[in-house]
Amino acid sequence: MREQTSHHPLSERMAPLDPATWEALWQLFIQIGRFWGNVPEPEPYRTRFQTFITSRMELNPLYRELYIQARHVIEDLIAAHGVEPAYEVLFTDPLANLAPPATPLQFTRQYVSNELIALQLALGGFLAFGALNYPGYFGGGNVPGAPAPYRTMQEEP
Amino acid sequence: MTPSSADVLIIGSGVAAAAIAERLLRHDARASILIVEAGGKVKLKDFGLWQNYLVTGKLPYDPYKDFNYPDRDHPGENASTGGTQIPLAGARVMTYGGSTIHWGGWSFRLKPEDFRLYSQTGESIDWPISYSDLEPYYSAAEHYIGVSGDSSDPTVPRNRAYPFPAFPFTLEDQPIANAMKACGIPYSHLPIARHGMTQTESRHAPCQTTGTCKYCPFGARYAAGNFLDDMTEWGNFPNLHLRVNTIVEHILVDAKRTAIGIQVVTRGSDVREVLTGKTIIVAGGTIESSKLLLRSRSSGWQQGIGNDADLVGRNFITHPYFIFTGAIAENPLRLQTEMDFPTLCSRHFDSEAEQKAGKFILVNPPGVPSSLSLVQQMQNGVRRPKLDAAITGSNQIQLHGMLEVFSRFNNRVSNLDRRNHLGMYETQVDYTQDSTFDSRMAEIQGHVAAIFDKAGASLVGKPSVSWRADHAACTCRMSRDDAQGVVDPDLKIHGMDNLYVCSNAVFDSTGAVNPTLTLTALAIRLADHLIHGGAAPLAAGGPP
């Protein structure tokens, strides 16, 4: 049994992701915030987004192919529907969520889009829904005398 | 290259092993200790693995858990043969650091009356030590594993404050807290093994309330693997050694009273060798510790070491963990999952008055209302208006808890003559719950229904009850009488001079609370016993 590490042996000589794919993934991240109206200004998350994409490929080199394929899937959707409707299809088409994935669209939804949704919520997308903390968010410590990093109980007198 | 002998040989690398080693090394930095672990090492505090857990829910230590029991479609492993199935899958992790790699960190002390269970109720046996005997070690354990708790909580007596303050109650606690207050049920902060921020010295990072406690990116939740890493990588302990992927086949005895070593096999190979120790401590968890003694047969111990009275592996118990769900019509506070550990509990029913029928605790879990998962809904394509309506609309709340059950001689664990996917002997669990269990659960349901009623929630169906063996215990009980217990009050096996057991197996009962803090206290106490003249006295030095 191989000990799982964040650096897969096959990722050692992996070619870097091309700029067009990086941009397609970043646009996907932006469109998640636009569609759900929960991240109006995504730029502060760009570094963590880049770290995430890089570490996914280092953990499993197959992600490089998934990301390249996602770029083509999104380009095809945009060509067929226009920009905003294309992402709406990607985010909401129930067939794209059928598991196990078998089509390029299903792989893109389940391994790329859905993972970026999870990341976006954890980075701060959850704040739009009324909470102060969320699984995966670095809320901060329990510092005596300082406000708690999550919503706390107001005790009845 | 690790040595094949040591003054102290510890089987297992969980919290018991780590706490014993830490205490011995604090006394004498040159103490000779060899820790042997059957499983492999999982990388902790790794950002890439943490991100993978965040977006997929997959944990890097999952391969070290038991498989499910065999069924029609899957070969599975282990066997559950009694009237009540006791799941092993998910209950424990057989890896470097043991089950602390996945535990929740709930760090309760037993109550004084728990140590007198037989005297109070006629059930099981009394502990041969009292709460006051263990109290200083409870404090030492809380400081060792880094517990955040309310030092003014009168639930159990204490002589030393927690190292870190309690986490404030969450907003999610509010409906249950108000309802408990209306029912006259006191509640308190749940003591939790998460490092905090105070003047207390610690080499371990504080909790950042990141909400991914099953794989903490900072190591803020106590995990023995992090502490072992700290000792081996940063401590100046030249004679501390660890071996992973090393399965112990049996214990070797010279004369009947002396253990001389262990026969081990390297996982995935046929390479066998003998490791020797002057003092040997079996700290492989309740189930594996009992199984190891049972299969260590010799002319002096024909039924297994310490088993002349046929007690090893018997009296098995675990905590049935129950979940009650209540429906609420609306969620105006937009309660959502903000934390990954509970902050509110009630030990009101963990009392002498309830002891005869079985004590229980109540815990308000994080993550309620449970039916709302932002990430799942977004991944399922739910649009924003519907998502907002789901957050504020009808939903569910839950109350979790654990019930104390009592040992029965016929409930037991033993070895099967086949190996699991890690190369260890498979386990047979033979357990049948008491006939009174259902009626006791009905009584608990009455209390919970009253709380839900005050919270404006209506009980949904019957509770879910899990008998998973997370808190397996009592299979090598501690007693001064070798006809009642396997180990003596120093945790030394009756009839042996240098062989100890340090796991939940030595508990005489478990009360209604998680056993890990008590085990840690016992481990530190055992280390002190060894320092101050145990089986093979260690090098002289001042008290730690």
# chains A, B, ... in the order shown; residues from 1 in each chain; ligands from 1
>>> interface_residues(of="chain A", to="chain B", cutoff="9 Å", atoms="only C-alpha atoms", output="PyMOL selection string")
chain A and resi 1+3-7+35-38+52+55-56+58-59+88+90-94+97+109-110+113-119+121-122+126+129-144+148-156
>>> residues_around(residues="Ala86 (chain A)", least_positions_apart="5", cutoff="12 Å", atoms="only C-alpha atoms", output="PyMOL selection string")
chain A and resi 28+31-32+35+73-81+91-93+105
>>> atom_distance(atom1="CA of Asp350 (chain B)", atom2="CA of Asp114 (chain B)")
9.6 Å
>>> closest_residue(among="B:Asp133, B:Phe218, B:Ser435, B:Lys111", to="Pro515 (chain B)", atoms="only C-alpha atoms")
B:Lys111
>>> residues_around(residues="Gln484 (chain B)", least_positions_apart="6", cutoff="12 Å", atoms="only C-alpha atoms", output="mmCIF file with C-alpha atoms, in the first residue's frame")
data_model
loop_
_atom_site.group_PDB
_atom_site.id
_atom_site.type_symbol
_atom_site.label_atom_id
_atom_site.label_comp_id
_atom_site.auth_asym_id
_atom_site.auth_seq_id
_atom_site.Cartn_x
_atom_site.Cartn_y
_atom_site.Cartn_z
ATOM 1 C CA SER B 124 -19.750 -5.172 36.522
ATOM 2 C CA ILE B 125 -17.000 -4.585 39.111
ATOM 3 C CA ASP B 126 -15.615 -1.557 40.907
ATOM 4 C CA TRP B 127 -12.393 0.005 39.702
ATOM 5 C CA PRO B 128 -9.537 -0.738 42.110
ATOM 6 C CA GLY B 306 -3.226 -13.642 31.580
ATOM 7 C CA ASN B 307 -6.127 -15.848 30.635
ATOM 8 C CA ASP B 308 -6.097 -18.571 33.255
ATOM 9 C CA ALA B 309 -9.416 -17.241 34.549
ATOM 10 C CA ASP B 310 -10.860 -17.038 31.012
ATOM 11 C CA LEU B 311 -11.320 -13.275 31.211
ATOM 12 C CA VAL B 312 -9.210 -11.975 28.325
ATOM 13 C CA ARG B 314 -14.612 -11.078 27.672
ATOM 14 C CA ASN B 315 -16.905 -8.425 29.147
ATOM 15 C CA PHE B 409 -19.213 -12.335 30.482
ATOM 16 C CA CYS B 474 -13.338 -3.757 29.372
ATOM 17 C CA THR B 475 -11.839 -6.910 27.817
ATOM 18 C CA CYS B 476 -8.797 -6.989 30.153
ATOM 19 C CA ARG B 477 -10.333 -5.455 33.247
ATOM 20 C CA MET B 478 -8.329 -4.036 36.103
ATOM 21 C CA HIS B 494 -1.655 -10.820 36.978
ATOM 22 C CA VAL B 506 -8.307 -2.311 31.251
ATOM 23 C CA ASP B 508 -13.829 -1.805 34.476
#
>>> select_by_dssp(residues="region 412-530 of chain B", states="strand (DSSP E or B)", output="list in words")
Arg412, Val413, Ser414, Asn415, Leu416, Asp417, Arg418, Arg419, Tyr425, Glu426, Thr427, Gln428, Val429, Asp430, Ala457, Ser458, Leu459, Ser464, Val465, Ser466, Ala473, Met478, Val487, Lys492, Ile493, Leu499, Tyr500 and Val501 of chain B
>>> atom_distance(atom1="CA of Ser414 (chain B)", atom2="CA of Gly313 (chain B)")
6.3 Å
>>> decode(residues="region 16-110 of chain A", atoms="C-alpha atoms", output="PDB file, in the first residue's frame")
ATOM      1  CA  PRO A  16       2.785  22.940 -16.950  1.00  0.00           C
ATOM      2  CA  LEU A  17      -0.784  23.863 -17.703  1.00  0.00           C
ATOM      3  CA  ASP A  18      -1.088  26.216 -20.695  1.00  0.00           C
ATOM      4  CA  PRO A  19      -2.255  29.817 -20.066  1.00  0.00           C
ATOM      5  CA  ALA A  20      -5.511  29.343 -21.968  1.00  0.00           C
ATOM      6  CA  THR A  21      -6.529  26.498 -19.681  1.00  0.00           C
ATOM      7  CA  TRP A  22      -5.572  28.488 -16.611  1.00  0.00           C
ATOM      8  CA  GLU A  23      -7.741  31.326 -17.853  1.00  0.00           C
ATOM      9  CA  ALA A  24     -10.660  29.003 -18.624  1.00  0.00           C
ATOM     10  CA  LEU A  25     -10.517  27.590 -15.090  1.00  0.00           C
ATOM     11  CA  TRP A  26     -10.332  31.062 -13.570  1.00  0.00           C
ATOM     12  CA  GLN A  27     -13.327  32.176 -15.624  1.00  0.00           C
ATOM     13  CA  LEU A  28     -15.203  29.114 -14.374  1.00  0.00           C
ATOM     14  CA  PHE A  29     -14.383  30.124 -10.800  1.00  0.00           C
ATOM     15  CA  ILE A  30     -15.649  33.655 -11.497  1.00  0.00           C
ATOM     16  CA  GLN A  31     -18.844  32.352 -13.100  1.00  0.00           C
ATOM     17  CA  ILE A  32     -19.673  30.261 -10.019  1.00  0.00           C
ATOM     18  CA  GLY A  33     -19.749  33.479  -7.999  1.00  0.00           C
ATOM     19  CA  ARG A  34     -21.776  35.248 -10.644  1.00  0.00           C
ATOM     20  CA  PHE A  35     -24.358  32.486 -11.058  1.00  0.00           C
ATOM     21  CA  TRP A  36     -25.015  32.139  -7.341  1.00  0.00           C
ATOM     22  CA  GLY A  37     -24.383  35.793  -6.538  1.00  0.00           C
ATOM     23  CA  ASN A  38     -22.147  34.964  -3.617  1.00  0.00           C
ATOM     24  CA  VAL A  39     -18.700  36.257  -4.664  1.00  0.00           C
ATOM     25  CA  PRO A  40     -18.940  39.609  -6.448  1.00  0.00           C
ATOM     26  CA  GLU A  41     -15.192  40.247  -6.248  1.00  0.00           C
ATOM     27  CA  PRO A  42     -13.173  37.044  -6.769  1.00  0.00           C
ATOM     28  CA  GLU A  43      -9.742  38.594  -7.318  1.00  0.00           C
ATOM     29  CA  PRO A  44      -8.590  38.166  -3.675  1.00  0.00           C
ATOM     30  CA  TYR A  45      -9.083  34.417  -4.082  1.00  0.00           C
ATOM     31  CA  ARG A  46      -6.881  34.076  -7.170  1.00  0.00           C
ATOM     32  CA  THR A  47      -3.752  32.917  -5.317  1.00  0.00           C
ATOM     33  CA  ARG A  48      -5.592  30.251  -3.350  1.00  0.00           C
ATOM     34  CA  PHE A  49      -7.330  29.197  -6.567  1.00  0.00           C
ATOM     35  CA  GLN A  50      -3.979  28.757  -8.294  1.00  0.00           C
ATOM     36  CA  THR A  51      -2.591  26.827  -5.349  1.00  0.00           C
ATOM     37  CA  PHE A  52      -5.611  24.559  -5.439  1.00  0.00           C
ATOM     38  CA  ILE A  53      -5.327  23.770  -9.156  1.00  0.00           C
ATOM     39  CA  THR A  54      -1.615  23.096  -8.839  1.00  0.00           C
ATOM     40  CA  SER A  55      -1.986  20.807  -5.860  1.00  0.00           C
ATOM     41  CA  ARG A  56      -4.798  18.837  -7.502  1.00  0.00           C
ATOM     42  CA  MET A  57      -2.494  18.048 -10.428  1.00  0.00           C
ATOM     43  CA  GLU A  58       0.400  17.181  -8.122  1.00  0.00           C
ATOM     44  CA  LEU A  59      -1.823  14.876  -6.091  1.00  0.00           C
ATOM     45  CA  ASN A  60      -3.156  13.154  -9.190  1.00  0.00           C
ATOM     46  CA  PRO A  61      -1.692  13.943 -12.628  1.00  0.00           C
ATOM     47  CA  LEU A  62      -4.979  12.939 -14.240  1.00  0.00           C
ATOM     48  CA  TYR A  63      -6.290  16.329 -13.187  1.00  0.00           C
ATOM     49  CA  ARG A  64      -4.110  17.992 -15.802  1.00  0.00           C
ATOM     50  CA  GLU A  65      -6.071  16.157 -18.489  1.00  0.00           C
ATOM     51  CA  LEU A  66      -9.365  16.889 -16.744  1.00  0.00           C
ATOM     52  CA  TYR A  67      -8.569  20.597 -16.698  1.00  0.00           C
ATOM     53  CA  ILE A  68      -7.531  20.682 -20.357  1.00  0.00           C
ATOM     54  CA  GLN A  69     -10.682  18.816 -21.283  1.00  0.00           C
ATOM     55  CA  ALA A  70     -12.778  21.204 -19.166  1.00  0.00           C
ATOM     56  CA  ARG A  71     -11.478  24.126 -21.172  1.00  0.00           C
ATOM     57  CA  HIS A  72     -12.678  22.500 -24.406  1.00  0.00           C
ATOM     58  CA  VAL A  73     -16.040  21.535 -22.899  1.00  0.00           C
ATOM     59  CA  ILE A  74     -16.651  25.108 -21.774  1.00  0.00           C
ATOM     60  CA  GLU A  75     -15.544  26.514 -25.130  1.00  0.00           C
ATOM     61  CA  ASP A  76     -18.001  24.202 -26.880  1.00  0.00           C
ATOM     62  CA  LEU A  77     -20.817  25.155 -24.522  1.00  0.00           C
ATOM     63  CA  ILE A  78     -20.151  28.847 -25.078  1.00  0.00           C
ATOM     64  CA  ALA A  79     -20.100  28.345 -28.845  1.00  0.00           C
ATOM     65  CA  ALA A  80     -23.443  26.569 -28.647  1.00  0.00           C
ATOM     66  CA  HIS A  81     -25.281  28.719 -26.066  1.00  0.00           C
ATOM     67  CA  GLY A  82     -23.422  31.973 -25.427  1.00  0.00           C
ATOM     68  CA  VAL A  83     -21.391  32.765 -22.319  1.00  0.00           C
ATOM     69  CA  GLU A  84     -23.839  32.952 -19.423  1.00  0.00           C
ATOM     70  CA  PRO A  85     -26.213  30.231 -20.683  1.00  0.00           C
ATOM     71  CA  ALA A  86     -23.189  27.987 -21.222  1.00  0.00           C
ATOM     72  CA  TYR A  87     -22.262  28.114 -17.551  1.00  0.00           C
ATOM     73  CA  GLU A  88     -25.909  27.713 -16.582  1.00  0.00           C
ATOM     74  CA  VAL A  89     -25.966  24.435 -18.482  1.00  0.00           C
ATOM     75  CA  LEU A  90     -22.745  23.332 -16.845  1.00  0.00           C
ATOM     76  CA  PHE A  91     -23.996  24.178 -13.344  1.00  0.00           C
ATOM     77  CA  THR A  92     -27.577  22.958 -13.581  1.00  0.00           C
ATOM     78  CA  ASP A  93     -27.922  20.182 -16.183  1.00  0.00           C
ATOM     79  CA  PRO A  94     -28.953  17.199 -14.028  1.00  0.00           C
ATOM     80  CA  LEU A  95     -27.557  14.748 -16.573  1.00  0.00           C
ATOM     81  CA  ALA A  96     -24.093  16.230 -16.072  1.00  0.00           C
ATOM     82  CA  ASN A  97     -24.200  15.078 -12.458  1.00  0.00           C
ATOM     83  CA  LEU A  98     -24.942  11.432 -13.200  1.00  0.00           C
ATOM     84  CA  ALA A  99     -22.320   9.216 -11.651  1.00  0.00           C
ATOM     85  CA  PRO A 100     -20.081   7.635 -12.629  1.00  0.00           C
ATOM     86  CA  PRO A 101     -19.109  10.237 -15.231  1.00  0.00           C
ATOM     87  CA  ALA A 102     -18.901   8.996 -18.783  1.00  0.00           C
ATOM     88  CA  THR A 103     -19.021  12.087 -21.016  1.00  0.00           C
ATOM     89  CA  PRO A 104     -16.659  15.074 -21.191  1.00  0.00           C
ATOM     90  CA  LEU A 105     -19.424  17.275 -19.769  1.00  0.00           C
ATOM     91  CA  GLN A 106     -19.936  14.913 -16.835  1.00  0.00           C
ATOM     92  CA  PHE A 107     -16.222  14.803 -16.057  1.00  0.00           C
ATOM     93  CA  THR A 108     -16.051  18.589 -16.195  1.00  0.00           C
ATOM     94  CA  ARG A 109     -19.062  19.027 -13.930  1.00  0.00           C
ATOM     95  CA  GLN A 110     -18.083  16.427 -11.355  1.00  0.00           C
TER      96      GLN A 110
END
